[in-house]
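The data block below is final.cif; it holds mmCIF, C-alpha atoms and all ligand atoms.
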data_model
loop_
_atom_site.label_atom_id
_atom_site.label_comp_id
_atom_site.auth_asym_id
_atom_site.auth_seq_id
_atom_site.Cartn_x
_atom_site.Cartn_y
_atom_site.Cartn_z
CA MET M 1 -13.34 8.51 -18.26
CA SER M 2 -12.46 9.56 -14.73
CA ILE M 3 -10.79 7.67 -11.91
CA SER M 4 -11.53 8.47 -8.28
CA PHE M 5 -10.31 7.47 -4.86
CA LEU M 6 -10.72 8.22 -1.19
CA HIS M 7 -7.45 8.68 0.72
CA CYS M 8 -7.40 8.10 4.47
CA SER M 9 -4.83 7.13 7.08
CA ASP M 10 -4.31 6.45 10.79
CA LEU M 11 -7.64 4.79 11.56
CA HIS M 12 -6.10 3.03 14.57
CA LEU M 13 -8.86 0.43 14.52
CA GLY M 14 -9.10 -1.56 17.73
CA PHE M 15 -7.96 1.23 20.02
CA SER M 16 -9.73 1.01 23.40
CA GLN M 17 -8.59 4.49 24.37
CA PHE M 18 -8.59 5.02 28.16
CA GLY M 19 -9.80 1.42 28.43
CA LEU M 20 -13.26 2.56 27.29
CA GLU M 21 -15.62 0.40 25.24
CA GLU M 22 -17.15 3.60 23.79
CA ARG M 23 -13.81 4.55 22.37
CA PHE M 24 -13.27 1.10 20.85
CA LEU M 25 -16.63 1.52 19.10
CA ASP M 26 -15.73 5.10 18.06
CA PHE M 27 -12.69 3.94 16.13
CA GLY M 28 -14.81 1.23 14.48
CA ARG M 29 -17.50 3.77 13.61
CA ALA M 30 -14.95 6.16 12.09
CA PHE M 31 -13.93 3.35 9.74
CA GLN M 32 -17.54 2.49 8.86
CA ASP M 33 -18.27 6.17 8.21
CA LEU M 34 -15.47 6.55 5.73
CA ALA M 35 -16.36 3.27 4.00
CA ARG M 36 -19.90 4.60 3.63
CA VAL M 37 -18.57 7.84 2.10
CA ALA M 38 -16.45 5.78 -0.31
CA GLN M 39 -19.62 3.97 -1.39
CA GLU M 40 -21.69 7.15 -1.65
CA LYS M 41 -19.03 8.82 -3.78
CA GLN M 42 -18.72 5.60 -5.79
CA VAL M 43 -14.95 5.81 -5.80
CA HIS M 44 -12.86 3.16 -7.53
CA TYR M 45 -10.24 2.89 -4.81
CA LEU M 46 -9.86 3.39 -1.08
CA LEU M 47 -6.29 4.26 -0.07
CA ILE M 48 -5.12 3.60 3.48
CA ALA M 49 -1.75 5.24 4.16
CA GLY M 50 -0.77 3.25 7.25
CA ASP M 51 -1.78 2.70 10.89
CA PHE M 52 -5.04 1.04 9.90
CA PHE M 53 -4.82 -1.05 13.09
CA ASN M 54 -3.76 0.55 16.34
CA LYS M 55 -1.27 -2.21 17.01
CA ARG M 56 0.18 -5.33 15.53
CA THR M 57 -1.63 -7.70 17.88
CA ILE M 58 -5.36 -7.21 17.61
CA ASN M 59 -8.32 -9.01 19.16
CA SER M 60 -10.95 -10.91 17.20
CA ARG M 61 -13.52 -8.09 17.47
CA THR M 62 -11.13 -5.72 15.76
CA LEU M 63 -10.49 -8.23 13.00
CA SER M 64 -14.26 -8.71 12.59
CA GLN M 65 -14.76 -4.94 12.20
CA ALA M 66 -12.10 -4.92 9.50
CA VAL M 67 -13.28 -8.02 7.62
CA GLN M 68 -16.92 -6.95 7.63
CA VAL M 69 -16.30 -3.53 6.12
CA PHE M 70 -13.66 -4.67 3.63
CA ALA M 71 -15.95 -7.48 2.43
CA GLU M 72 -18.71 -4.95 1.84
CA LEU M 73 -16.38 -2.64 -0.06
CA LYS M 74 -15.25 -5.57 -2.16
CA LYS M 75 -18.87 -6.39 -2.99
CA THR M 76 -19.43 -2.85 -4.26
CA GLY M 77 -16.29 -3.12 -6.38
CA ILE M 78 -14.10 -0.68 -4.40
CA LYS M 79 -10.49 -1.82 -4.31
CA VAL M 80 -8.60 -1.12 -1.09
CA ILE M 81 -4.91 -0.23 -1.46
CA ALA M 82 -3.04 -0.15 1.86
CA ILE M 83 0.38 0.18 3.40
CA GLU M 84 1.44 -0.50 6.97
CA GLY M 85 2.37 2.26 9.41
CA ASN M 86 4.60 2.16 12.46
CA HIS M 87 1.67 0.86 14.53
CA ASP M 88 0.63 -2.15 12.45
CA LYS M 89 3.89 -2.95 10.70
CA ALA M 90 5.13 -6.53 10.49
CA PRO M 91 8.47 -7.12 12.20
CA TYR M 92 11.40 -6.77 9.84
CA GLY M 93 11.90 -9.81 7.62
CA GLU M 94 8.52 -11.40 8.43
CA GLY M 95 5.76 -10.78 5.92
CA ASP M 96 3.39 -11.51 8.76
CA SER M 97 0.79 -9.14 10.12
CA TRP M 98 -2.98 -8.94 10.21
CA MET M 99 -2.75 -6.53 7.29
CA HIS M 100 -0.96 -9.31 5.47
CA PHE M 101 -3.75 -11.70 6.42
CA LEU M 102 -6.35 -9.34 4.93
CA HIS M 103 -4.24 -9.22 1.77
CA GLU M 104 -4.06 -13.04 1.62
CA GLN M 105 -7.83 -13.17 2.00
CA GLY M 106 -8.20 -10.99 -1.05
CA LEU M 107 -9.85 -8.18 0.92
CA ILE M 108 -7.14 -5.56 0.42
CA TYR M 109 -4.03 -5.00 -1.66
CA LEU M 110 -1.20 -4.56 0.83
CA LEU M 111 1.85 -2.90 -0.69
CA GLN M 112 5.15 -3.71 1.03
CA PRO M 113 8.56 -2.83 -0.33
CA GLU M 114 11.18 -5.55 -0.70
CA PHE M 115 14.90 -5.10 -0.38
CA THR M 116 17.71 -7.07 -1.96
CA GLU M 117 21.25 -6.45 -0.73
CA GLY M 118 19.97 -3.47 1.20
CA LYS M 119 18.39 -1.83 -1.83
CA LEU M 120 14.77 -1.26 -2.76
CA VAL M 121 13.34 -3.60 -5.41
CA LEU M 122 10.41 -2.31 -7.44
CA ASN M 123 8.29 -5.43 -7.94
CA GLU M 124 4.58 -6.19 -7.79
CA GLN M 125 4.79 -6.29 -3.97
CA CYS M 126 5.01 -2.53 -3.89
CA LEU M 127 4.04 -1.40 -7.41
CA LEU M 128 0.47 -2.14 -8.42
CA GLU M 129 -0.91 -1.22 -11.86
CA PHE M 130 -4.49 -0.74 -12.99
CA PRO M 131 -5.89 0.90 -16.12
CA GLY M 132 -4.95 4.58 -16.03
CA ILE M 133 -3.50 4.50 -12.52
CA ARG M 134 -0.65 2.89 -10.58
CA PHE M 135 0.18 2.76 -6.89
CA VAL M 136 3.60 2.63 -5.28
CA GLY M 137 3.50 1.69 -1.58
CA LEU M 138 6.57 2.18 0.58
CA GLY M 139 4.96 1.88 4.02
CA TYR M 140 6.83 3.13 7.06
CA LEU M 141 10.59 3.36 6.58
CA GLY M 142 11.68 5.32 9.66
CA SER M 143 15.21 6.64 9.40
CA MET M 144 15.62 5.03 5.96
CA THR M 145 12.87 7.12 4.37
CA ALA M 146 15.10 9.65 2.57
CA LYS M 147 17.41 6.94 1.24
CA ARG M 148 14.52 4.81 -0.05
CA LEU M 149 12.91 7.80 -1.77
CA GLN M 150 16.20 8.43 -3.54
CA GLU M 151 16.28 4.77 -4.66
CA LEU M 152 12.67 5.00 -5.82
CA GLN M 153 13.50 8.01 -7.93
CA GLU M 154 16.23 6.00 -9.68
CA LEU M 155 14.04 2.91 -10.18
CA LEU M 156 10.61 4.24 -11.08
CA ALA M 157 10.09 4.56 -14.83
CA PRO M 158 7.96 7.46 -16.07
CA SER M 159 4.44 6.45 -17.01
CA GLU M 160 1.40 7.81 -18.79
CA LYS M 161 -0.63 6.56 -15.85
CA PHE M 162 -1.57 8.69 -12.86
CA THR M 163 0.94 7.65 -10.20
CA VAL M 164 0.17 7.59 -6.47
CA LEU M 165 2.89 7.14 -3.85
CA LEU M 166 1.69 5.84 -0.48
CA LEU M 167 4.03 6.65 2.38
CA HIS M 168 3.76 6.65 6.16
CA ALA M 169 6.02 9.54 7.13
CA ALA M 170 6.04 13.12 8.39
CA ILE M 171 7.27 15.47 5.66
CA ASP M 172 8.66 18.81 6.85
CA GLN M 173 7.09 18.13 10.26
CA LEU M 174 8.54 16.85 13.54
CA LEU M 175 12.02 17.02 12.08
CA HIS M 176 13.60 16.39 15.51
CA LEU M 177 11.45 13.25 15.90
CA GLY M 178 12.25 11.43 12.68
CA GLY M 179 10.40 13.66 10.21
CA VAL M 180 11.76 13.90 6.68
CA GLU M 181 12.70 17.08 4.83
CA ARG M 182 10.67 18.03 1.77
CA GLU M 183 13.97 17.84 -0.17
CA ALA M 184 13.92 14.04 0.19
CA LEU M 185 11.18 13.97 -2.46
CA VAL M 186 13.04 16.13 -4.96
CA GLY M 187 13.09 14.43 -8.35
CA LEU M 188 9.89 12.51 -7.74
CA GLU M 189 7.72 15.44 -8.87
CA GLU M 190 8.10 14.24 -12.47
CA LEU M 191 7.25 10.63 -11.64
CA VAL M 192 4.52 10.88 -8.99
CA ASP M 193 1.23 12.77 -9.34
CA TYR M 194 -0.09 12.42 -5.79
CA VAL M 195 1.79 11.67 -2.57
CA ALA M 196 -0.65 9.95 -0.19
CA LEU M 197 0.71 10.37 3.32
CA GLY M 198 -0.23 9.14 6.74
CA HIS M 199 1.43 9.38 10.18
CA ILE M 200 0.63 12.92 11.34
CA HIS M 201 -2.86 12.98 12.84
CA GLY M 202 -3.82 16.49 11.65
CA ARG M 203 -4.42 17.46 8.02
CA TYR M 204 -1.67 19.18 6.05
CA GLU M 205 -0.71 19.63 2.44
CA LEU M 206 2.36 20.72 0.54
CA GLU M 207 2.31 22.23 -2.95
CA ASP M 208 -0.91 20.57 -4.18
CA TRP M 209 1.13 17.40 -4.38
CA ILE M 210 1.69 16.01 -0.90
CA TYR M 211 -1.48 15.23 1.06
CA ASN M 212 -1.95 14.11 4.66
CA PRO M 213 -5.64 13.69 5.61
CA GLY M 214 -5.43 13.50 9.44
CA ALA M 215 -6.61 10.61 11.62
CA PRO M 216 -10.45 10.41 11.51
CA GLU M 217 -10.64 9.90 15.30
CA SER M 218 -8.48 11.49 18.02
CA TRP M 219 -5.76 9.08 19.08
CA ASP M 220 -4.70 11.61 21.70
CA LEU M 221 -6.82 14.35 23.27
CA GLY M 222 -4.03 16.76 22.37
CA GLU M 223 -5.22 16.41 18.76
CA VAL M 224 -8.20 18.63 19.56
CA GLY M 225 -8.49 21.43 17.02
CA LYS M 226 -6.58 19.55 14.33
CA GLU M 227 -8.35 19.05 11.03
CA LYS M 228 -9.33 15.41 10.49
CA GLY M 229 -10.88 13.48 7.64
CA TYR M 230 -10.09 12.08 4.20
CA TYR M 231 -9.51 13.28 0.67
CA HIS M 232 -11.84 12.64 -2.21
CA VAL M 233 -9.76 12.75 -5.38
CA VAL M 234 -11.10 12.71 -8.93
CA ILE M 235 -8.72 12.35 -11.86
CA THR M 236 -9.83 13.42 -15.31
CA PRO M 237 -7.82 14.03 -18.51
CA ASP M 238 -7.73 17.70 -17.42
CA GLY M 239 -6.05 16.97 -14.11
CA LYS M 240 -7.05 16.17 -10.56
CA THR M 241 -9.48 17.71 -8.11
CA VAL M 242 -8.89 17.15 -4.41
CA GLU M 243 -11.51 17.77 -1.74
CA HIS M 244 -10.99 17.27 1.97
CA LEU M 245 -14.02 15.76 3.68
CA PRO M 246 -14.04 16.23 7.45
CA SER M 247 -14.68 13.24 9.70
CA SER M 248 -16.71 13.51 12.91
CA PRO M 249 -14.51 12.56 15.84
CA ARG M 250 -16.01 12.47 19.32
CA PRO M 251 -16.06 16.07 20.67
CA ILE M 252 -13.29 17.18 23.00
CA TYR M 253 -13.27 20.19 25.29
CA ASN M 254 -9.83 21.62 25.72
CA LEU M 255 -9.79 23.57 29.00
CA GLN M 256 -6.85 25.55 30.23
CA VAL M 257 -7.69 26.81 33.70
CA ASP M 258 -5.47 29.35 35.41
CA LEU M 259 -5.49 28.79 39.18
CA SER M 260 -3.49 31.91 40.06
CA SER M 261 -6.43 33.63 41.76
CA LEU M 262 -7.11 30.71 44.15
CA THR M 263 -6.06 30.42 47.78
CA SER M 264 -6.95 26.77 48.45
CA PRO M 265 -6.95 23.48 46.48
CA LEU M 266 -10.61 23.08 47.51
CA GLU M 267 -11.58 25.89 45.12
CA VAL M 268 -10.15 24.18 42.03
CA ALA M 269 -13.20 22.04 41.14
CA ASP M 270 -15.61 25.00 41.15
CA LEU M 271 -13.36 27.07 38.94
CA CYS M 272 -13.08 24.19 36.44
CA LEU M 273 -16.83 23.55 36.51
CA GLY M 274 -17.50 27.22 35.78
CA ASN M 275 -15.02 27.16 32.94
CA LEU M 276 -16.65 24.12 31.31
CA GLU M 277 -20.14 25.55 31.92
CA SER M 278 -19.22 28.73 30.02
CA GLN M 279 -18.40 26.81 26.86
CA TRP M 280 -20.79 23.89 27.22
CA ASN M 281 -22.55 22.94 24.03
CA PRO M 282 -25.45 20.53 24.63
CA ALA M 283 -24.95 19.13 21.13
CA LYS M 284 -21.65 17.68 22.26
CA GLN M 285 -23.06 14.71 24.15
CA GLY M 286 -20.60 12.22 25.58
CA ALA M 287 -17.67 14.54 25.09
CA MET M 288 -14.17 14.10 26.48
CA VAL M 289 -12.30 16.78 28.39
CA ARG M 290 -8.66 17.65 28.31
CA LEU M 291 -8.10 19.80 31.37
CA GLU M 292 -4.83 21.62 31.88
CA LEU M 293 -4.25 23.39 35.18
CA ILE M 294 -1.79 26.27 35.04
CA GLY M 295 -0.71 29.25 37.08
CA GLU M 296 1.18 29.94 40.31
CA VAL M 297 -0.66 29.00 43.49
CA PRO M 298 0.08 29.69 47.18
CA PHE M 299 -0.45 25.99 48.11
CA ASN M 300 1.22 22.74 47.08
CA PRO M 301 -0.18 22.03 43.58
CA LEU M 302 0.11 18.30 44.29
CA SER M 303 -2.57 18.69 46.95
CA ILE M 304 -5.14 19.00 44.16
CA ILE M 305 -6.75 15.57 44.10
CA GLN M 306 -7.28 14.71 40.45
CA THR M 307 -9.76 11.86 40.98
CA GLU M 308 -12.06 14.23 42.89
CA LEU M 309 -11.75 16.82 40.15
CA VAL M 310 -12.63 14.25 37.47
CA GLU M 311 -15.58 13.05 39.53
CA ALA M 312 -16.90 16.60 40.04
CA LEU M 313 -16.84 17.24 36.27
CA GLN M 314 -18.39 13.89 35.38
CA ASN M 315 -21.15 14.33 37.97
CA SER M 316 -22.17 17.67 36.47
CA PHE M 317 -21.76 17.00 32.73
CA PRO M 318 -22.32 13.98 30.45
CA LEU M 319 -18.65 13.26 29.80
CA ILE M 320 -17.13 9.88 28.99
CA HIS M 321 -13.61 10.84 30.00
CA VAL M 322 -11.62 13.62 31.68
CA GLU M 323 -7.86 13.82 31.39
CA VAL M 324 -6.09 16.18 33.81
CA PHE M 325 -2.67 17.74 33.30
CA ASN M 326 -1.59 19.51 36.46
CA ARG M 327 1.01 22.07 35.44
CA ALA M 328 0.31 24.52 38.26
CA THR M 329 3.35 25.55 40.26
CA LEU M 330 3.97 26.73 43.77
CA GLU M 331 4.48 30.47 43.95
CA GLY M 332 8.14 31.34 43.49
CA GLU M 333 9.08 27.82 42.44
CA ARG M 334 11.53 27.53 39.60
CA VAL M 335 10.01 25.85 36.55
CA ILE M 336 12.24 23.43 34.71
CA GLU M 337 12.00 24.18 31.02
CA LEU M 338 13.56 21.71 28.65
CA THR M 339 14.36 22.75 25.12
CA SER M 340 14.31 20.15 22.35
CA SER M 341 18.13 20.14 22.25
CA GLN M 342 18.12 18.82 25.83
CA PHE M 343 16.17 15.67 25.04
CA ASN M 344 18.80 13.17 25.98
CA ARG M 345 18.92 11.38 29.28
CA GLN M 346 22.14 12.86 30.57
CA GLN M 347 21.03 16.41 29.84
CA ILE M 348 17.62 15.91 31.43
CA GLU M 349 19.35 14.45 34.48
CA SER M 350 21.63 17.47 34.68
CA VAL M 351 18.72 19.88 34.63
CA VAL M 352 16.83 17.93 37.31
CA LEU M 353 19.89 17.49 39.53
CA GLU M 354 20.76 21.14 39.19
CA ASP M 355 17.27 22.04 40.34
CA LEU M 356 17.49 19.65 43.29
CA MET M 357 20.84 21.14 44.28
CA ARG M 358 19.41 24.64 44.28
CA ARG M 359 16.36 23.65 46.31
CA ASN M 360 17.86 21.27 48.85
CA PHE M 361 21.28 22.76 49.47
CA ALA M 362 19.98 26.13 50.55
CA ALA M 363 22.53 26.22 53.39
CA TYR M 364 25.25 26.29 50.75
CA ASP M 365 26.10 28.83 48.16
CA VAL M 366 23.67 27.68 45.50
CA GLU M 367 24.23 30.88 43.56
CA ASP M 368 27.80 29.79 42.92
CA PRO M 369 27.58 28.06 39.53
CA GLU M 370 30.80 26.20 40.22
CA PHE M 371 29.32 24.63 43.35
CA VAL M 372 26.15 23.56 41.53
CA GLU M 373 28.08 22.23 38.55
CA ALA M 374 30.42 20.22 40.75
CA GLY M 375 27.43 18.79 42.62
CA VAL M 376 25.71 17.70 39.44
CA GLU M 377 28.92 16.17 38.16
CA VAL M 378 29.56 14.23 41.33
CA ALA M 379 25.96 12.96 41.48
CA GLN M 380 26.15 11.70 37.91
CA ALA M 381 29.56 10.14 38.48
CA LEU M 382 28.29 8.45 41.65
CA LYS M 383 25.42 6.96 39.72
CA GLU M 384 27.77 5.57 37.06
CA LEU M 385 30.09 4.11 39.72
CA SER M 386 27.14 2.65 41.59
CA VAL M 387 25.85 0.98 38.40
CA ALA M 388 29.36 -0.40 37.84
CA GLY M 389 29.47 -1.63 41.49
CA ASP M 390 32.63 0.35 42.14
CA GLN M 391 32.39 1.05 45.87
CA GLU M 392 36.02 2.15 46.17
CA GLY M 393 35.54 4.68 43.44
CA MET M 394 32.39 6.01 45.09
CA LEU M 395 34.13 6.46 48.45
CA SER M 396 37.10 8.23 46.99
CA LEU M 397 34.85 10.50 44.93
CA ILE M 398 32.82 11.48 48.01
CA LYS M 399 36.07 12.19 49.90
CA THR M 400 37.39 14.41 47.15
CA TRP M 401 34.13 16.27 46.90
CA THR M 402 33.69 16.83 50.64
CA LYS M 403 37.29 17.96 50.91
CA LYS M 404 36.61 20.70 48.43
CA TRP M 405 32.97 21.59 49.18
CA GLY M 406 32.01 19.92 52.44
CA ARG M 407 31.09 21.85 55.57
CA GLY M 408 29.48 21.05 58.89
CA GLU M 409 27.16 18.08 58.61
CA VAL M 410 28.84 16.82 55.43
CA GLY M 411 32.10 16.70 57.37
CA HIS M 412 30.32 14.52 59.89
CA ALA M 413 29.19 12.13 57.18
CA ASN M 414 32.76 12.11 55.97
CA SER M 415 34.13 10.93 59.31
CA SER M 416 31.63 8.06 59.45
CA ILE M 417 32.76 6.95 55.98
CA GLU M 418 36.35 6.82 57.22
CA THR M 419 35.54 4.68 60.24
CA ASP M 420 33.35 2.17 58.31
MN MN M 501 -0.87 7.00 13.52
#

Can I see the file as structure tokens?
Ligand SMILES: [Mn+2]
Amino acid sequence: MSISFLHCSDLHLGFSQFGLEERFLDFGRAFQDLARVAQEKQVHYLLIAGDFFNKRTINSRTLSQAVQVFAELKKTGIKVIAIEGNHDKAPYGEGDSWMHFLHEQGLIYLLQPEFTEGKLVLNEQCLLEFPGIRFVGLGYLGSMTAKRLQELQELLAPSEKFTVLLLHAAIDQLLHLGGVEREALVGLEELVDYVALGHIHGRYELEDWIYNPGAPESWDLGEVGKEKGYYHVVITPDGKTVEHLPSSPRPIYNLQVDLSSLTSPLEVADLCLGNLESQWNPAKQGAMVRLELIGEVPFNPLSIIQTELVEALQNSFPLIHVEVFNRATLEGERVIELTSSQFNRQQIESVVLEDLMRRNFAAYDVEDPEFVEAGVEVAQALKELSVAGDQEGMLSLIKTWTKKWGRGEVGHANSSIETD
């Protein structure tokens, strides 16, 4: 006898992306499509590894989409096993979410871990057993993921049954944004046969053991090119077979247009139109466009009027949405590049202030790193003092700074401070 399931995640049902009704319907259709595949393949279970809903508060139409499809799956005997993701998770301590409602209605099995004295408890809330198969659902655990996996390894008894772990987490991905190292799962290899992940919207797999199917629709146009779909898994006494079935998200054109050859912002639309024309595929009706403008131009890049650009593209092609990212720069302008280690507010501020100093204090010696550094420091200190309402401190700081670095017009400002 074989057991089979379909594993999906990140459906983001109810998402009216860009405020478009079409996109709301797209996310609903993606869910209907995969439910239809589950029925065609006659699977026993449908696994949803988190982010079924796009957000915790949903409207009635979204709930209707969910109830209708789940009721149909229930009629055909397909059991739905789900966990919550970061998008649809109930607030800590409240077992209350629309996912919970669907569970109460008997439409899905929602697995949610419980904690006593800060430790994971393996009870029927998160461990569900059926003949030949069992499901452990940990949901989204954020920064606690590694710790909880360690606890699970200590608590979970070995079993003859095929064991599936459902988890909403990035494994060995986005490590600087809360991803979890593969090492966090060490020890579970003996206890778990299939790790059903969600969270990352493109497909990836690790060691024929960890599977992430990819969101069926594109939650962000930047997901263009990522593999998306669901896994069809069949378990027999000889082992498991896993097949990735691609979903059909709405087509996206990803255009990167280099404006370097242009002399006027008025030429931008034509260049973009030509670029889209060259790769236009009439089969991709109602597509979306992600348009990135790059290159160095001899005019102010902000003089490119994005609404006009969007209009020009939508007038010439049947597109439902165009998203423009203007990353073109003025010739000779310094580009601020932030590395991931600079992603805290103070460091970003420093980089921006430093750039402003170099641009706007041209009359001063902006090549002197000491001058720039002192300027950044004083600007940041002034901000802190201003937030604290310390006027005295601000005045004395300005005096000290102008004494050391001030010249000409700054000296003038200084004298007005002293007379005020
Ligand atoms: Mn998601």

Note to self: Could you list, as a list in words, all residues that come within 7 Å of ligand MN 501 (chain M)? Count only C-alpha atoms and all ligand atoms.
What the structure shows: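 Residues lying within 7 Å of ligand MN 501 (chain M): Asp10, His12, Asp51, His87, His199, Ile200 and His201 of chain M.
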
Around (-8.4, -1.5, 15.0) in the file's frame, which residues reach within 12 Å when counting all atoms listed in the file? Return as an mmCIF file with C-alpha atoms, in the coordinates of the input?
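Now in result.cif:
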data_model
loop_
_atom_site.group_PDB
_atom_site.id
_atom_site.type_symbol
_atom_site.label_atom_id
_atom_site.label_comp_id
_atom_site.auth_asym_id
_atom_site.auth_seq_id
_atom_site.Cartn_x
_atom_site.Cartn_y
_atom_site.Cartn_z
ATOM 1 C CA ASP M 10 -4.310 6.450 10.790
ATOM 2 C CA LEU M 11 -7.640 4.790 11.560
ATOM 3 C CA HIS M 12 -6.100 3.030 14.570
ATOM 4 C CA LEU M 13 -8.860 0.430 14.520
ATOM 5 C CA GLY M 14 -9.100 -1.560 17.730
ATOM 6 C CA PHE M 15 -7.960 1.230 20.020
ATOM 7 C CA SER M 16 -9.730 1.010 23.400
ATOM 8 C CA GLN M 17 -8.590 4.490 24.370
ATOM 9 C CA ARG M 23 -13.810 4.550 22.370
ATOM 10 C CA PHE M 24 -13.270 1.100 20.850
ATOM 11 C CA LEU M 25 -16.630 1.520 19.100
ATOM 12 C CA ASP M 26 -15.730 5.100 18.060
ATOM 13 C CA PHE M 27 -12.690 3.940 16.130
ATOM 14 C CA GLY M 28 -14.810 1.230 14.480
ATOM 15 C CA ARG M 29 -17.500 3.770 13.610
ATOM 16 C CA ALA M 30 -14.950 6.160 12.090
ATOM 17 C CA PHE M 31 -13.930 3.350 9.740
ATOM 18 C CA GLN M 32 -17.540 2.490 8.860
ATOM 19 C CA GLY M 50 -0.770 3.250 7.250
ATOM 20 C CA ASP M 51 -1.780 2.700 10.890
ATOM 21 C CA PHE M 52 -5.040 1.040 9.900
ATOM 22 C CA PHE M 53 -4.820 -1.050 13.090
ATOM 23 C CA ASN M 54 -3.760 0.550 16.340
ATOM 24 C CA LYS M 55 -1.270 -2.210 17.010
ATOM 25 C CA ARG M 56 0.180 -5.330 15.530
ATOM 26 C CA THR M 57 -1.630 -7.700 17.880
ATOM 27 C CA ILE M 58 -5.360 -7.210 17.610
ATOM 28 C CA ASN M 59 -8.320 -9.010 19.160
ATOM 29 C CA SER M 60 -10.950 -10.910 17.200
ATOM 30 C CA ARG M 61 -13.520 -8.090 17.470
ATOM 31 C CA THR M 62 -11.130 -5.720 15.760
ATOM 32 C CA LEU M 63 -10.490 -8.230 13.000
ATOM 33 C CA SER M 64 -14.260 -8.710 12.590
ATOM 34 C CA GLN M 65 -14.760 -4.940 12.200
ATOM 35 C CA ALA M 66 -12.100 -4.920 9.500
ATOM 36 C CA VAL M 67 -13.280 -8.020 7.620
ATOM 37 C CA HIS M 87 1.670 0.860 14.530
ATOM 38 C CA ASP M 88 0.630 -2.150 12.450
ATOM 39 C CA TRP M 98 -2.980 -8.940 10.210
ATOM 40 C CA MET M 99 -2.750 -6.530 7.290
ATOM 41 C CA GLU M 217 -10.640 9.900 15.300
ATOM 42 C CA TRP M 219 -5.760 9.080 19.080
#

Note to self: Neighbouring residues of region 231-246 of chain M were defined as those with any atom within 6 Å, considering all atoms listed in the file; residues of the same chain fewer than 3 positions away were excluded. Please report them as a PyMOL selection string.
What the structure shows: chain M and resi 2-7+228

Next item on the list: Would you mind reading off the distance between CA of Cys8 (chain M) and CA of Lys284 (chain M), one decimal, in Å?
Entry: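 Computed distance, CA of Cys8 (chain M) to CA of Lys284 (chain M), equals 24.7 Å.
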
Next item on the list: Write out as an NGL selection string the residues lying within 8 Å of Gly375 (chain M), counting all atoms listed in the file and excluding same-chain residues fewer than 3 positions away.
Entry: :M and (354 or 357 or 371-372 or 378-379)

Next item on the list: Could you tell me how far CA of Ala215 (chain M) lies from CA of Ser9 (chain M), in Å and to one decimal?
Entry: 6.0 Å

Item checked: Pick from M:Leu206, M:Leu255, M:Ala269, M:Val69 nearest to Ile305 (chain M), counting all atoms listed in the file ->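 With all atoms listed in the file as the atom set, the closest residue is M:Ala269.
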